[in-house]
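*Asks:* Sending over final.json (JSON, C-alpha atoms and all ligand atoms).
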[["chain", "number", "residue", "atom", "x", "y", "z"],
["F", 91, "MET", "CA", 5.05, -83.36, 5.23],
["F", 92, "ALA", "CA", 1.39, -82.36, 4.90],
["F", 93, "VAL", "CA", 0.27, -79.26, 6.74],
["F", 94, "LEU", "CA", -0.99, -80.45, 10.09],
["F", 95, "THR", "CA", -3.45, -78.55, 12.22],
["F", 96, "LEU", "CA", -2.38, -77.33, 15.61],
["F", 97, "ALA", "CA", -4.53, -79.98, 17.30],
["F", 98, "GLU", "CA", -2.93, -82.72, 15.19],
["F", 99, "ARG", "CA", 0.57, -81.50, 15.92],
["F", 100, "ALA", "CA", -0.16, -81.30, 19.65],
["F", 101, "SER", "CA", -1.53, -84.84, 19.67],
["F", 102, "LEU", "CA", 1.69, -86.10, 18.04],
["F", 103, "VAL", "CA", 3.78, -84.71, 20.89],
["F", 104, "GLY", "CA", 4.43, -87.54, 23.35],
["F", 105, "PRO", "CA", 5.75, -87.28, 26.92],
["F", 106, "LEU", "CA", 9.44, -87.27, 25.93],
["F", 107, "ASP", "CA", 8.87, -84.73, 23.12],
["F", 108, "TYR", "CA", 7.01, -82.58, 25.60],
["F", 109, "LYS", "CA", 9.83, -82.76, 28.11],
["F", 110, "VAL", "CA", 12.40, -81.67, 25.51],
["F", 111, "LEU", "CA", 10.15, -78.89, 24.19],
["F", 112, "LYS", "CA", 9.53, -77.58, 27.70],
["F", 113, "THR", "CA", 13.25, -77.66, 28.47],
["F", 114, "ILE", "CA", 14.03, -75.66, 25.32],
["F", 115, "TYR", "CA", 11.35, -73.15, 26.30],
["F", 116, "GLU", "CA", 12.82, -72.78, 29.79],
["F", 117, "LEU", "CA", 16.36, -72.41, 28.52],
["F", 118, "ASN", "CA", 15.24, -69.82, 25.96],
["F", 119, "SER", "CA", 15.15, -67.29, 28.79],
["F", 120, "ASN", "CA", 18.95, -67.62, 28.91],
["F", 121, "TYR", "CA", 19.77, -68.48, 25.31],
["F", 122, "GLU", "CA", 18.25, -67.05, 22.16],
["F", 123, "TYR", "CA", 19.08, -70.45, 20.60],
["F", 124, "VAL", "CA", 19.80, -73.19, 23.13],
["F", 125, "PRO", "CA", 22.94, -75.11, 22.12],
["F", 126, "TYR", "CA", 22.52, -78.84, 21.63],
["F", 127, "SER", "CA", 25.18, -79.59, 24.26],
["F", 128, "VAL", "CA", 23.23, -77.60, 26.87],
["F", 129, "ILE", "CA", 20.06, -79.53, 26.14],
["F", 130, "ILE", "CA", 21.73, -82.91, 26.37],
["F", 131, "ASN", "CA", 23.49, -82.00, 29.61],
["F", 132, "LYS", "CA", 20.28, -80.80, 31.13],
["F", 133, "LEU", "CA", 18.21, -83.83, 30.16],
["F", 134, "GLY", "CA", 20.73, -86.66, 30.32],
["F", 135, "LEU", "CA", 19.22, -88.46, 27.34],
["F", 136, "LEU", "CA", 21.05, -90.70, 24.89],
["F", 137, "GLU", "CA", 22.35, -88.87, 21.81],
["F", 138, "ARG", "CA", 20.26, -91.00, 19.51],
["F", 139, "GLU", "CA", 17.10, -90.43, 21.54],
["F", 140, "LEU", "CA", 17.53, -86.67, 21.76],
["F", 141, "LYS", "CA", 18.42, -86.27, 18.09],
["F", 142, "GLU", "CA", 15.29, -88.12, 17.09],
["F", 143, "VAL", "CA", 13.11, -85.97, 19.33],
["F", 144, "LEU", "CA", 14.70, -82.74, 18.10],
["F", 145, "LEU", "CA", 14.16, -83.75, 14.50],
["F", 146, "LYS", "CA", 10.53, -84.51, 15.19],
["F", 147, "LEU", "CA", 10.00, -81.18, 16.99],
["F", 148, "TYR", "CA", 11.69, -79.41, 14.10],
["F", 149, "ASN", "CA", 9.60, -81.20, 11.47],
["F", 150, "LEU", "CA", 6.45, -80.31, 13.37],
["F", 151, "LYS", "CA", 7.71, -76.69, 13.35],
["F", 152, "LEU", "CA", 7.56, -76.51, 17.14],
["F", 153, "VAL", "CA", 11.20, -75.40, 17.30],
["F", 154, "SER", "CA", 13.44, -73.50, 14.92],
["F", 155, "LYS", "CA", 17.17, -73.99, 14.72],
["F", 156, "GLU", "CA", 20.27, -72.04, 13.89],
["F", 157, "LYS", "CA", 24.00, -72.67, 13.96],
["F", 158, "VAL", "CA", 25.54, -71.24, 17.11],
["F", 159, "LEU", "CA", 29.34, -71.41, 17.10],
["F", 160, "LYS", "CA", 30.05, -75.00, 16.09],
["F", 161, "GLU", "CA", 26.79, -76.59, 17.09],
["F", 162, "THR", "CA", 23.07, -76.33, 16.45],
["F", 163, "GLY", "CA", 20.90, -74.19, 18.71],
["F", 164, "TYR", "CA", 17.14, -74.55, 19.19],
["F", 165, "ARG", "CA", 14.40, -72.07, 19.89],
["F", 166, "ILE", "CA", 10.70, -72.63, 20.56],
["F", 167, "THR", "CA", 8.27, -71.26, 17.92],
["F", 168, "PHE", "CA", 4.79, -69.83, 18.42],
["F", 169, "ALA", "CA", 3.35, -73.24, 17.49],
["F", 170, "GLY", "CA", 5.65, -74.76, 20.12],
["F", 171, "LEU", "CA", 4.30, -72.39, 22.75],
["F", 172, "ASP", "CA", 0.73, -73.18, 21.63],
["F", 173, "THR", "CA", 1.52, -76.87, 22.12],
["F", 174, "LEU", "CA", 2.82, -76.38, 25.66],
["F", 175, "ALA", "CA", -0.31, -74.35, 26.39],
["F", 176, "ILE", "CA", -2.66, -77.01, 25.00],
["F", 177, "LYS", "CA", -1.00, -79.72, 27.12],
["F", 178, "LYS", "CA", -1.16, -77.60, 30.26],
["F", 179, "LEU", "CA", -4.80, -76.61, 29.75],
["F", 180, "TYR", "CA", -5.55, -80.31, 29.29],
["F", 181, "ALA", "CA", -3.68, -81.25, 32.48],
["F", 182, "ASN", "CA", -5.57, -78.48, 34.30],
["F", 183, "LYS", "CA", -8.86, -80.00, 33.09],
["F", 184, "VAL", "CA", -9.80, -76.84, 31.19],
["F", 185, "LEU", "CA", -9.47, -78.07, 27.62],
["F", 186, "ASN", "CA", -10.24, -81.62, 26.53],
["F", 187, "LYS", "CA", -9.88, -81.15, 22.79],
["F", 188, "LEU", "CA", -8.87, -78.33, 20.48],
["F", 189, "GLY", "CA", -11.18, -77.65, 17.53],
["F", 190, "ILE", "CA", -10.88, -75.60, 14.36],
["F", 191, "ILE", "CA", -9.46, -72.12, 14.02],
["F", 192, "ILE", "CA", -12.07, -69.35, 13.88],
["F", 193, "GLY", "CA", -9.94, -66.27, 13.58],
["F", 194, "GLU", "CA", -6.44, -65.28, 12.72],
["F", 195, "GLY", "CA", -5.88, -61.79, 14.07],
["F", 196, "LYS", "CA", -2.92, -59.47, 14.11],
["F", 197, "GLU", "CA", -1.80, -60.57, 17.51],
["F", 198, "SER", "CA", -3.60, -63.84, 18.12],
["F", 199, "ASN", "CA", -5.12, -67.00, 16.70],
["F", 200, "VAL", "CA", -8.53, -67.92, 18.07],
["F", 201, "TYR", "CA", -9.77, -71.52, 18.15],
["F", 202, "PHE", "CA", -12.82, -73.44, 19.18],
["F", 203, "GLY", "CA", -12.21, -76.00, 21.89],
["F", 204, "TYR", "CA", -14.21, -78.48, 23.94],
["F", 205, "ASP", "CA", -14.12, -78.80, 27.71],
["F", 206, "PHE", "CA", -14.48, -82.04, 29.69],
["F", 207, "SER", "CA", -18.29, -81.80, 29.54],
["F", 208, "ASP", "CA", -18.06, -81.42, 25.76],
["F", 209, "GLU", "CA", -19.16, -77.80, 25.89],
["F", 210, "THR", "CA", -17.72, -75.47, 23.26],
["F", 211, "ILE", "CA", -15.15, -73.01, 24.58],
["F", 212, "ILE", "CA", -12.75, -70.51, 23.01],
["F", 213, "VAL", "CA", -8.96, -70.74, 23.17],
["F", 214, "LYS", "CA", -7.08, -67.61, 22.21],
["F", 215, "PHE", "CA", -3.36, -68.05, 21.51],
["F", 216, "HIS", "CA", -1.52, -64.76, 21.76],
["F", 217, "ARG", "CA", 1.27, -63.95, 19.32],
["F", 218, "VAL", "CA", 3.10, -60.72, 19.92],
["F", 219, "GLY", "CA", 5.35, -59.40, 17.20],
["F", 220, "ARG", "CA", 4.53, -62.03, 14.63],
["F", 221, "THR", "CA", 4.56, -59.67, 11.67],
["F", 222, "SER", "CA", 7.32, -57.38, 12.68],
["F", 223, "TYR", "CA", 9.30, -58.42, 15.69],
["F", 224, "LYS", "CA", 12.08, -56.05, 14.71],
["F", 225, "ASN", "CA", 9.69, -53.12, 14.69],
["F", 226, "ILE", "CA", 8.20, -53.97, 18.04],
["F", 227, "ARG", "CA", 11.70, -54.19, 19.36],
["F", 228, "LYS", "CA", 12.44, -50.76, 17.97],
["F", 229, "ILE", "CA", 9.18, -49.16, 19.04],
["F", 230, "ARG", "CA", 9.10, -50.53, 22.54],
["F", 231, "GLY", "CA", 12.86, -50.34, 22.89],
["F", 232, "ILE", "CA", 13.03, -53.82, 24.35],
["F", 233, "LYS", "CA", 16.19, -55.66, 25.13],
["F", 234, "TYR", "CA", 16.74, -59.23, 23.99],
["F", 235, "LYS", "CA", 15.69, -60.72, 27.33],
["F", 236, "GLU", "CA", 12.28, -59.13, 27.06],
["F", 237, "ASP", "CA", 11.66, -60.81, 23.75],
["F", 238, "TRP", "CA", 8.50, -61.96, 22.03],
["F", 239, "ILE", "CA", 8.10, -65.12, 24.12],
["F", 240, "LYS", "CA", 7.89, -63.09, 27.28],
["F", 241, "LEU", "CA", 5.71, -60.35, 25.77],
["F", 242, "THR", "CA", 3.36, -62.93, 24.30],
["F", 243, "ILE", "CA", 2.90, -64.74, 27.61],
["F", 244, "GLU", "CA", 2.46, -61.42, 29.40],
["F", 245, "ASN", "CA", -0.35, -60.54, 26.99],
["F", 246, "ALA", "CA", -2.17, -63.77, 27.83],
["F", 247, "GLU", "CA", -1.72, -63.11, 31.56],
["F", 248, "ARG", "CA", -2.94, -59.53, 31.16],
["F", 249, "GLU", "CA", -6.03, -60.61, 29.25],
["F", 250, "PHE", "CA", -6.81, -63.33, 31.78],
["F", 251, "SER", "CA", -6.47, -60.97, 34.75],
["F", 252, "ALA", "CA", -8.73, -58.35, 33.16],
["F", 253, "LEU", "CA", -11.38, -60.94, 32.30],
["F", 254, "SER", "CA", -11.20, -62.30, 35.85],
["F", 255, "CYS", "CA", -11.84, -58.95, 37.52],
["F", 256, "LEU", "CA", -14.54, -58.04, 35.03],
["F", 257, "THR", "CA", -16.33, -61.37, 35.45],
["F", 258, "ASN", "CA", -16.16, -61.11, 39.24],
["F", 259, "ASN", "CA", -17.90, -57.77, 38.91],
["F", 260, "TYR", "CA", -20.61, -59.03, 36.58],
["F", 261, "ALA", "CA", -19.44, -57.28, 33.44],
["F", 262, "ASN", "CA", -20.48, -58.75, 30.10],
["F", 263, "VAL", "CA", -17.23, -60.34, 29.02],
["F", 264, "PRO", "CA", -16.42, -63.98, 28.21],
["F", 265, "LYS", "CA", -15.82, -65.85, 31.49],
["F", 266, "PRO", "CA", -12.14, -66.78, 31.75],
["F", 267, "LEU", "CA", -11.69, -70.53, 32.20],
["F", 268, "GLY", "CA", -7.93, -70.89, 32.38],
["F", 269, "GLN", "CA", -4.61, -69.55, 31.22],
["F", 270, "ALA", "CA", -1.40, -71.34, 30.30],
["F", 271, "TYR", "CA", 1.67, -69.93, 28.55],
["F", 272, "ASN", "CA", 0.36, -67.76, 25.68],
["F", 273, "ALA", "CA", -3.21, -69.11, 25.79],
["F", 274, "VAL", "CA", -6.40, -67.92, 27.41],
["F", 275, "ALA", "CA", -9.38, -70.27, 27.52],
["F", 276, "MET", "CA", -12.72, -68.52, 27.84],
["F", 277, "GLU", "CA", -16.43, -68.85, 27.46],
["F", 278, "TYR", "CA", -17.75, -69.03, 23.90],
["F", 279, "ILE", "CA", -20.06, -66.14, 23.08],
["F", 280, "GLN", "CA", -22.30, -67.22, 20.26],
["F", 281, "GLY", "CA", -23.05, -64.22, 18.10],
["F", 282, "ASN", "CA", -21.47, -61.71, 15.74],
["F", 283, "GLU", "CA", -19.23, -58.69, 16.00],
["F", 284, "LEU", "CA", -21.09, -55.41, 16.42],
["F", 285, "TYR", "CA", -19.95, -54.14, 13.01],
["F", 286, "ARG", "CA", -21.68, -57.09, 11.32],
["F", 287, "THR", "CA", -24.93, -56.74, 13.23],
["F", 288, "ASN", "CA", -28.01, -54.65, 12.54],
["F", 289, "LEU", "CA", -29.35, -53.84, 15.97],
["F", 290, "ASN", "CA", -33.03, -53.26, 16.53],
["F", 291, "ASN", "CA", -32.43, -51.73, 19.97],
["F", 292, "PRO", "CA", -29.23, -49.70, 19.46],
["F", 293, "GLU", "CA", -29.91, -47.26, 22.35],
["F", 294, "GLU", "CA", -30.13, -50.11, 24.83],
["F", 295, "VAL", "CA", -27.01, -51.78, 23.49],
["F", 296, "LEU", "CA", -25.04, -48.54, 23.69],
["F", 297, "GLU", "CA", -26.22, -48.01, 27.28],
["F", 298, "GLU", "CA", -25.11, -51.51, 28.15],
["F", 299, "ILE", "CA", -21.69, -51.03, 26.56],
["F", 300, "ILE", "CA", -21.21, -47.81, 28.51],
["F", 301, "SER", "CA", -22.23, -49.46, 31.75],
["F", 302, "ASN", "CA", -19.66, -52.19, 31.15],
["F", 303, "VAL", "CA", -16.96, -49.60, 30.52],
["F", 304, "ARG", "CA", -18.07, -48.10, 33.84],
["F", 305, "ILE", "CA", -17.76, -51.43, 35.70],
["F", 306, "ALA", "CA", -14.19, -51.78, 34.41],
["F", 307, "TYR", "CA", -13.31, -48.27, 35.54],
["F", 308, "GLN", "CA", -15.09, -48.33, 38.88],
["F", 309, "TYR", "CA", -14.47, -51.86, 40.08],
["F", 310, "CYS", "CA", -11.25, -52.97, 38.40],
["F", 311, "GLY", "CA", -8.94, -50.16, 39.43],
["F", 312, "LYS", "CA", -9.70, -47.64, 36.65],
["F", 313, "LEU", "CA", -9.25, -50.30, 34.01],
["F", 314, "VAL", "CA", -9.56, -48.99, 30.43],
["F", 315, "HIS", "CA", -9.92, -51.41, 27.51],
["F", 316, "GLY", "CA", -7.66, -49.50, 25.14],
["F", 317, "ASP", "CA", -8.94, -50.89, 21.84],
["F", 318, "LEU", "CA", -12.69, -50.53, 22.13],
["F", 319, "SER", "CA", -14.46, -50.61, 18.79],
["F", 320, "GLU", "CA", -17.25, -52.28, 16.84],
["F", 321, "TYR", "CA", -14.74, -55.08, 16.09],
["F", 322, "ASN", "CA", -14.14, -55.96, 19.73],
["F", 323, "ILE", "CA", -17.77, -56.16, 20.80],
["F", 324, "LEU", "CA", -19.75, -59.33, 20.20],
["F", 325, "ILE", "CA", -23.53, -59.23, 20.11],
["F", 326, "ARG", "CA", -24.82, -62.47, 21.56],
["F", 327, "GLU", "CA", -27.81, -64.10, 19.94],
["F", 328, "ASP", "CA", -30.10, -62.70, 22.68],
["F", 329, "GLY", "CA", -28.86, -59.17, 21.86],
["F", 330, "LYS", "CA", -26.51, -58.73, 24.84],
["F", 331, "PRO", "CA", -23.21, -56.98, 24.00],
["F", 332, "TYR", "CA", -19.96, -58.57, 25.19],
["F", 333, "ILE", "CA", -16.66, -56.69, 25.21],
["F", 334, "ILE", "CA", -13.77, -58.93, 24.11],
["F", 335, "ASP", "CA", -10.04, -58.62, 23.39],
["F", 336, "TRP", "CA", -8.52, -57.13, 26.56],
["F", 337, "PRO", "CA", -4.72, -57.62, 26.53],
["F", 338, "GLN", "CA", -3.82, -53.99, 25.84],
["F", 339, "TRP", "CA", -5.65, -52.53, 28.85],
["F", 340, "LYS", "CA", -4.19, -49.66, 30.82],
["F", 341, "LYS", "CA", -5.13, -48.30, 34.21],
["F", 342, "ASP", "CA", -6.06, -44.72, 35.05],
["F", 343, "ASP", "CA", -5.48, -43.39, 31.53],
["F", 344, "GLU", "CA", -8.01, -40.68, 30.74],
["F", 345, "ASP", "CA", -6.82, -40.09, 27.20],
["F", 346, "LEU", "CA", -7.32, -43.74, 26.40],
["F", 347, "LEU", "CA", -10.77, -43.75, 28.01],
["F", 348, "PHE", "CA", -11.65, -40.74, 25.87],
["F", 349, "ARG", "CA", -10.42, -42.50, 22.75],
["F", 350, "ASP", "CA", -12.33, -45.71, 23.50],
["F", 351, "LEU", "CA", -15.56, -43.79, 24.01],
["F", 352, "THR", "CA", -15.02, -41.58, 20.98],
["F", 353, "ASN", "CA", -14.79, -44.72, 18.83],
["F", 354, "ILE", "CA", -17.99, -46.20, 20.17],
["F", 355, "LEU", "CA", -20.04, -43.01, 20.23],
["F", 356, "TYR", "CA", -18.91, -42.19, 16.71],
["F", 357, "TYR", "CA", -19.96, -45.65, 15.51],
["F", 358, "PHE", "CA", -23.44, -45.40, 17.03],
["F", 359, "ASN", "CA", -23.82, -41.88, 15.74],
["F", 360, "LYS", "CA", -22.85, -42.79, 12.20],
["F", 361, "LYS", "CA", -24.81, -46.01, 11.94],
["F", 362, "TYR", "CA", -27.83, -45.36, 14.18],
["F", 363, "GLU", "CA", -27.90, -41.55, 14.45],
["F", 364, "ILE", "CA", -27.73, -41.69, 18.21],
["F", 365, "TYR", "CA", -26.00, -38.74, 19.80],
["F", 366, "LYS", "CA", -24.50, -38.71, 23.29],
["F", 367, "ASP", "CA", -22.38, -36.02, 24.87],
["F", 368, "ILE", "CA", -18.96, -37.54, 25.50],
["F", 369, "ASP", "CA", -18.20, -35.41, 28.58],
["F", 370, "GLN", "CA", -21.41, -36.53, 30.24],
["F", 371, "VAL", "CA", -20.65, -40.15, 29.44],
["F", 372, "ILE", "CA", -17.13, -39.84, 30.85],
["F", 373, "ASN", "CA", -18.44, -38.21, 34.03],
["F", 374, "TYR", "CA", -20.87, -41.06, 34.43],
["F", 375, "ILE", "CA", -18.12, -43.64, 33.95],
["F", 376, "LYS", "CA", -15.83, -41.91, 36.41],
["F", 377, "GLY", "CA", -18.71, -41.54, 38.85],
["F", 378, "GLU", "CA", -18.35, -37.79, 39.05],
["F", 401, "LIG", "N1", -15.11, -65.52, 23.59],
["F", 401, "LIG", "C1", -15.35, -65.51, 22.27],
["F", 401, "LIG", "N2", -16.48, -66.03, 21.78],
["F", 401, "LIG", "C2", -16.72, -66.04, 20.45],
["F", 401, "LIG", "N3", -15.88, -65.56, 19.53],
["F", 401, "LIG", "C3", -14.71, -65.02, 19.95],
["F", 401, "LIG", "C4", -14.38, -64.96, 21.33],
["F", 401, "LIG", "N4", -13.17, -64.38, 21.46],
["F", 401, "LIG", "C5", -12.78, -64.09, 20.21],
["F", 401, "LIG", "N5", -13.68, -64.46, 19.29],
["F", 401, "LIG", "C6", -13.60, -64.30, 17.82],
["F", 401, "LIG", "O1", -12.23, -64.15, 17.43],
["F", 401, "LIG", "C7", -11.99, -62.86, 16.86],
["F", 401, "LIG", "C8", -10.64, -62.33, 17.30],
["F", 401, "LIG", "O2", -10.60, -62.22, 18.72],
["F", 401, "LIG", "P1", -9.90, -60.99, 19.43],
["F", 401, "LIG", "O3", -10.49, -59.72, 18.96],
["F", 401, "LIG", "O4", -9.95, -61.27, 20.89],
["F", 401, "LIG", "O5", -8.39, -61.15, 18.94],
["F", 401, "LIG", "P2", -7.44, -60.17, 18.10],
["F", 401, "LIG", "O6", -6.06, -60.66, 18.25],
["F", 401, "LIG", "O7", -7.71, -58.77, 18.41],
["F", 401, "LIG", "O8", -7.86, -60.38, 16.64],
["F", 401, "LIG", "P3", -8.04, -59.17, 15.63],
["F", 401, "LIG", "O9", -6.66, -58.67, 15.34],
["F", 401, "LIG", "O10", -8.74, -59.83, 14.48],
["F", 401, "LIG", "O11", -8.87, -58.14, 16.33],
["F", 401, "LIG", "C9", -13.16, -62.02, 17.32],
["F", 401, "LIG", "O12", -13.43, -60.98, 16.42],
["F", 401, "LIG", "C10", -14.30, -63.03, 17.39],
["F", 401, "LIG", "O13", -14.84, -63.25, 16.11],
["F", 402, "MG", "MG", -9.87, -57.90, 18.21]]
Would you put the structure from the file into structure tokens?
*Replies:*
Amino acid sequence: MAVLTLAERASLVGPLDYKVLKTIYELNSNYEYVPYSVIINKLGLLERELKEVLLKLYNLKLVSKEKVLKETGYRITFAGLDTLAIKKLYANKVLNKLGIIIGEGKESNVYFGYDFSDETIIVKFHRVGRTSYKNIRKIRGIKYKEDWIKLTIENAEREFSALSCLTNNYANVPKPLGQAYNAVAMEYIQGNELYRTNLNNPEEVLEEIISNVRIAYQYCGKLVHGDLSEYNILIREDGKPYIIDWPQWKKDDEDLLFRDLTNILYYFNKKYEIYKDIDQVINYIKGE
């Protein structure tokens, strides 16, 4: 089978396929691989019908399978989760059509999308533990039940909640438009990452970044970004800086705040020879 895009795969998923996929997802909280017999009991479909649907979902790589005892078990894949998210964002009137992929990051895939007024939006599909699930498991010491599906969805929820508070407090971040499963739909910021931009007003931009870090801290319960860098700041075409990529935020973590600011101040110092005293900046952010 040719390699289909995510949008193409999602459009091939009909109502019955969707129902089976959603059921597998739900049962995955109890079973690492959901046995065939459990699926058929739950859905009450004819054998022939269910087998056909499962084969289709498997061919579209929306589920993976493994032998469990004497039968086959099924598990939703990241692409399967993406598909549930696309359908739900559509039902919620957030996303009319998914577009092309614009970025494949370590922990997410970012796509263009179009809303119901045909405006361009961004859909970010989180993917936790894609490269090394085993390591994440080891590092975070998670048990099976708190597996990558749950962590991935939690990341989307965390990013959406941060963007919501920040937007309500007039910070320069993409406006959140909706969240479903592992996906966050948000405003499209047309521009480039800070590291790819030559600023002609670097002092102003740095001031604006700092004042956004301050809004997060002061108005969103001591929210700290946690991965602030020239890669996670977009410079819009009119020169306004936007802070993106929020899932790893922490609250009331002074070491992390210090690290975020060190990164940014170092970048502006190195590239634009601007010097700011970090303690003064931190006092300003904390309102002391
Ligand atoms: N709202 C947006 N508007 C425009 N472009 C965006 C938006 N959100 C994300 N992008 C693009 O997608 C890229 C990756 O997004 P983001 O940093 O949120 O994800 P990530 O998982 O951290 O990816 P990476 O590992 O590459 O940092 C960004 O560098 C940017 O180019
Ligand atoms: Mg990023």
*Asks:* Can you write out as a tab-separated table which residues of chain F fall within 7 Å of ligand MG 402 (chain F), alongside each residue's closest atom pair and its distance in Å to one decimal, counting only C-alpha atoms and all ligand atoms and ordering rows by chain and ascending residue number?
*Replies:*
residue	atom	partner	partner_atom	distance
F:Gly195	CA	F:MG402	MG	6.9
F:Tyr321	CA	F:MG402	MG	6.0
F:Asn322	CA	F:MG402	MG	4.9
F:Asp335	CA	F:MG402	MG	5.2
*Asks:* Using all atoms listed in the file, what are the residues with an atom within 8 Å of ligand LIG 401 (chain F), set out as an mmCIF file with C-alpha atoms, in the coordinates of the input?
*Replies:*
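The resulting out-v7.cif:
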data_model
loop_
_atom_site.group_PDB
_atom_site.id
_atom_site.type_symbol
_atom_site.label_atom_id
_atom_site.label_comp_id
_atom_site.auth_asym_id
_atom_site.auth_seq_id
_atom_site.Cartn_x
_atom_site.Cartn_y
_atom_site.Cartn_z
ATOM 1 C CA ILE F 192 -12.070 -69.350 13.880
ATOM 2 C CA GLY F 193 -9.940 -66.270 13.580
ATOM 3 C CA GLU F 194 -6.440 -65.280 12.720
ATOM 4 C CA GLY F 195 -5.880 -61.790 14.070
ATOM 5 C CA LYS F 196 -2.920 -59.470 14.110
ATOM 6 C CA GLU F 197 -1.800 -60.570 17.510
ATOM 7 C CA SER F 198 -3.600 -63.840 18.120
ATOM 8 C CA ASN F 199 -5.120 -67.000 16.700
ATOM 9 C CA VAL F 200 -8.530 -67.920 18.070
ATOM 10 C CA TYR F 201 -9.770 -71.520 18.150
ATOM 11 C CA ILE F 211 -15.150 -73.010 24.580
ATOM 12 C CA ILE F 212 -12.750 -70.510 23.010
ATOM 13 C CA VAL F 213 -8.960 -70.740 23.170
ATOM 14 C CA LYS F 214 -7.080 -67.610 22.210
ATOM 15 C CA HIS F 216 -1.520 -64.760 21.760
ATOM 16 C CA VAL F 263 -17.230 -60.340 29.020
ATOM 17 C CA PRO F 264 -16.420 -63.980 28.210
ATOM 18 C CA LYS F 265 -15.820 -65.850 31.490
ATOM 19 C CA MET F 276 -12.720 -68.520 27.840
ATOM 20 C CA GLU F 277 -16.430 -68.850 27.460
ATOM 21 C CA TYR F 278 -17.750 -69.030 23.900
ATOM 22 C CA ILE F 279 -20.060 -66.140 23.080
ATOM 23 C CA GLN F 280 -22.300 -67.220 20.260
ATOM 24 C CA GLY F 281 -23.050 -64.220 18.100
ATOM 25 C CA ASN F 282 -21.470 -61.710 15.740
ATOM 26 C CA GLU F 283 -19.230 -58.690 16.000
ATOM 27 C CA TYR F 321 -14.740 -55.080 16.090
ATOM 28 C CA ASN F 322 -14.140 -55.960 19.730
ATOM 29 C CA ILE F 323 -17.770 -56.160 20.800
ATOM 30 C CA LEU F 324 -19.750 -59.330 20.200
ATOM 31 C CA ILE F 334 -13.770 -58.930 24.110
ATOM 32 C CA ASP F 335 -10.040 -58.620 23.390
ATOM 33 C CA TRP F 336 -8.520 -57.130 26.560
#
*Asks:* Would you compute the distance between CA of Lys109 (chain F) and CA of Ser207 (chain F)? Give it in Å to one decimal.
*Replies:* 28.2 Å
*Asks:* As an exercise, work out the distance from CA of Val274 (chain F) to CA of Lys341 (chain F) in Å and give it to one decimal place.
*Replies:*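 Interatomic distance here is 20.8 Å.
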*Asks:* So that I can see what lies close to Asp350 (chain F), please list as a PDB file with C-alpha atoms, in the frame of the given file the residues with an atom at most 9 Å from it, counting all atoms listed in the file and leaving out residues fewer than 6 positions away in the same chain.
*Replies:*
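Dumped to selection.pdb:
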ATOM      1  CA  VAL F 314      -9.560 -48.990  30.430  1.00  0.00           C
ATOM      2  CA  HIS F 315      -9.920 -51.410  27.510  1.00  0.00           C
ATOM      3  CA  GLY F 316      -7.660 -49.500  25.140  1.00  0.00           C
ATOM      4  CA  ASP F 317      -8.940 -50.890  21.840  1.00  0.00           C
ATOM      5  CA  LEU F 318     -12.690 -50.530  22.130  1.00  0.00           C
ATOM      6  CA  SER F 319     -14.460 -50.610  18.790  1.00  0.00           C
TER       7      SER F 319
END
*Asks:* Please compute the CA of Tyr204 (chain F)-CA of Leu144 (chain F) distance, one decimal, in Å.
*Replies:* 29.8 Å
*Asks:* Quick one: residues within 10 Å of region 266-273 of chain F, only C-alpha atoms, excluding same-chain residues fewer than 5 positions away - as a compact mmCIF listing (two decimals) with C-alpha atoms, in the coordinates of the input?
*Replies:*
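Written output follows (around_10.txt):
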# COMPACT_ATOMS: atom_id res chain seq x y z
CA PHE F 168 4.79 -69.83 18.42
CA LEU F 171 4.30 -72.39 22.75
CA ASP F 172 0.73 -73.18 21.63
CA THR F 173 1.52 -76.87 22.12
CA LEU F 174 2.82 -76.38 25.66
CA ALA F 175 -0.31 -74.35 26.39
CA ILE F 176 -2.66 -77.01 25.00
CA LYS F 177 -1.00 -79.72 27.12
CA LYS F 178 -1.16 -77.60 30.26
CA LEU F 179 -4.80 -76.61 29.75
CA TYR F 180 -5.55 -80.31 29.29
CA ASN F 182 -5.57 -78.48 34.30
CA LYS F 183 -8.86 -80.00 33.09
CA VAL F 184 -9.80 -76.84 31.19
CA LEU F 185 -9.47 -78.07 27.62
CA SER F 198 -3.60 -63.84 18.12
CA ASN F 199 -5.12 -67.00 16.70
CA VAL F 200 -8.53 -67.92 18.07
CA ASP F 205 -14.12 -78.80 27.71
CA ILE F 211 -15.15 -73.01 24.58
CA ILE F 212 -12.75 -70.51 23.01
CA VAL F 213 -8.96 -70.74 23.17
CA LYS F 214 -7.08 -67.61 22.21
CA PHE F 215 -3.36 -68.05 21.51
CA HIS F 216 -1.52 -64.76 21.76
CA ARG F 217 1.27 -63.95 19.32
CA VAL F 218 3.10 -60.72 19.92
CA ILE F 239 8.10 -65.12 24.12
CA LYS F 240 7.89 -63.09 27.28
CA LEU F 241 5.71 -60.35 25.77
CA THR F 242 3.36 -62.93 24.30
CA ILE F 243 2.90 -64.74 27.61
CA GLU F 244 2.46 -61.42 29.40
CA ASN F 245 -0.35 -60.54 26.99
CA ALA F 246 -2.17 -63.77 27.83
CA GLU F 247 -1.72 -63.11 31.56
CA GLU F 249 -6.03 -60.61 29.25
CA PHE F 250 -6.81 -63.33 31.78
CA SER F 251 -6.47 -60.97 34.75
CA ALA F 252 -8.73 -58.35 33.16
CA LEU F 253 -11.38 -60.94 32.30
CA SER F 254 -11.20 -62.30 35.85
CA CYS F 255 -11.84 -58.95 37.52
CA LEU F 256 -14.54 -58.04 35.03
CA THR F 257 -16.33 -61.37 35.45
CA TYR F 278 -17.75 -69.03 23.90
*Asks:* Closest to Leu145 (chain F) among F:Thr162, F:Asn359, F:Thr113, F:Asn186, using only C-alpha atoms?
*Replies:* F:Thr162
*Asks:* For Ile190 (chain F), please output as a list in words all residues within 9 Å (counting all atoms listed in the file; exclusion window: fewer than 4 positions along the same chain).
*Replies:* Thr95, Leu96, Ala97, Val200, Tyr201, Phe202 and Gly203 of chain F
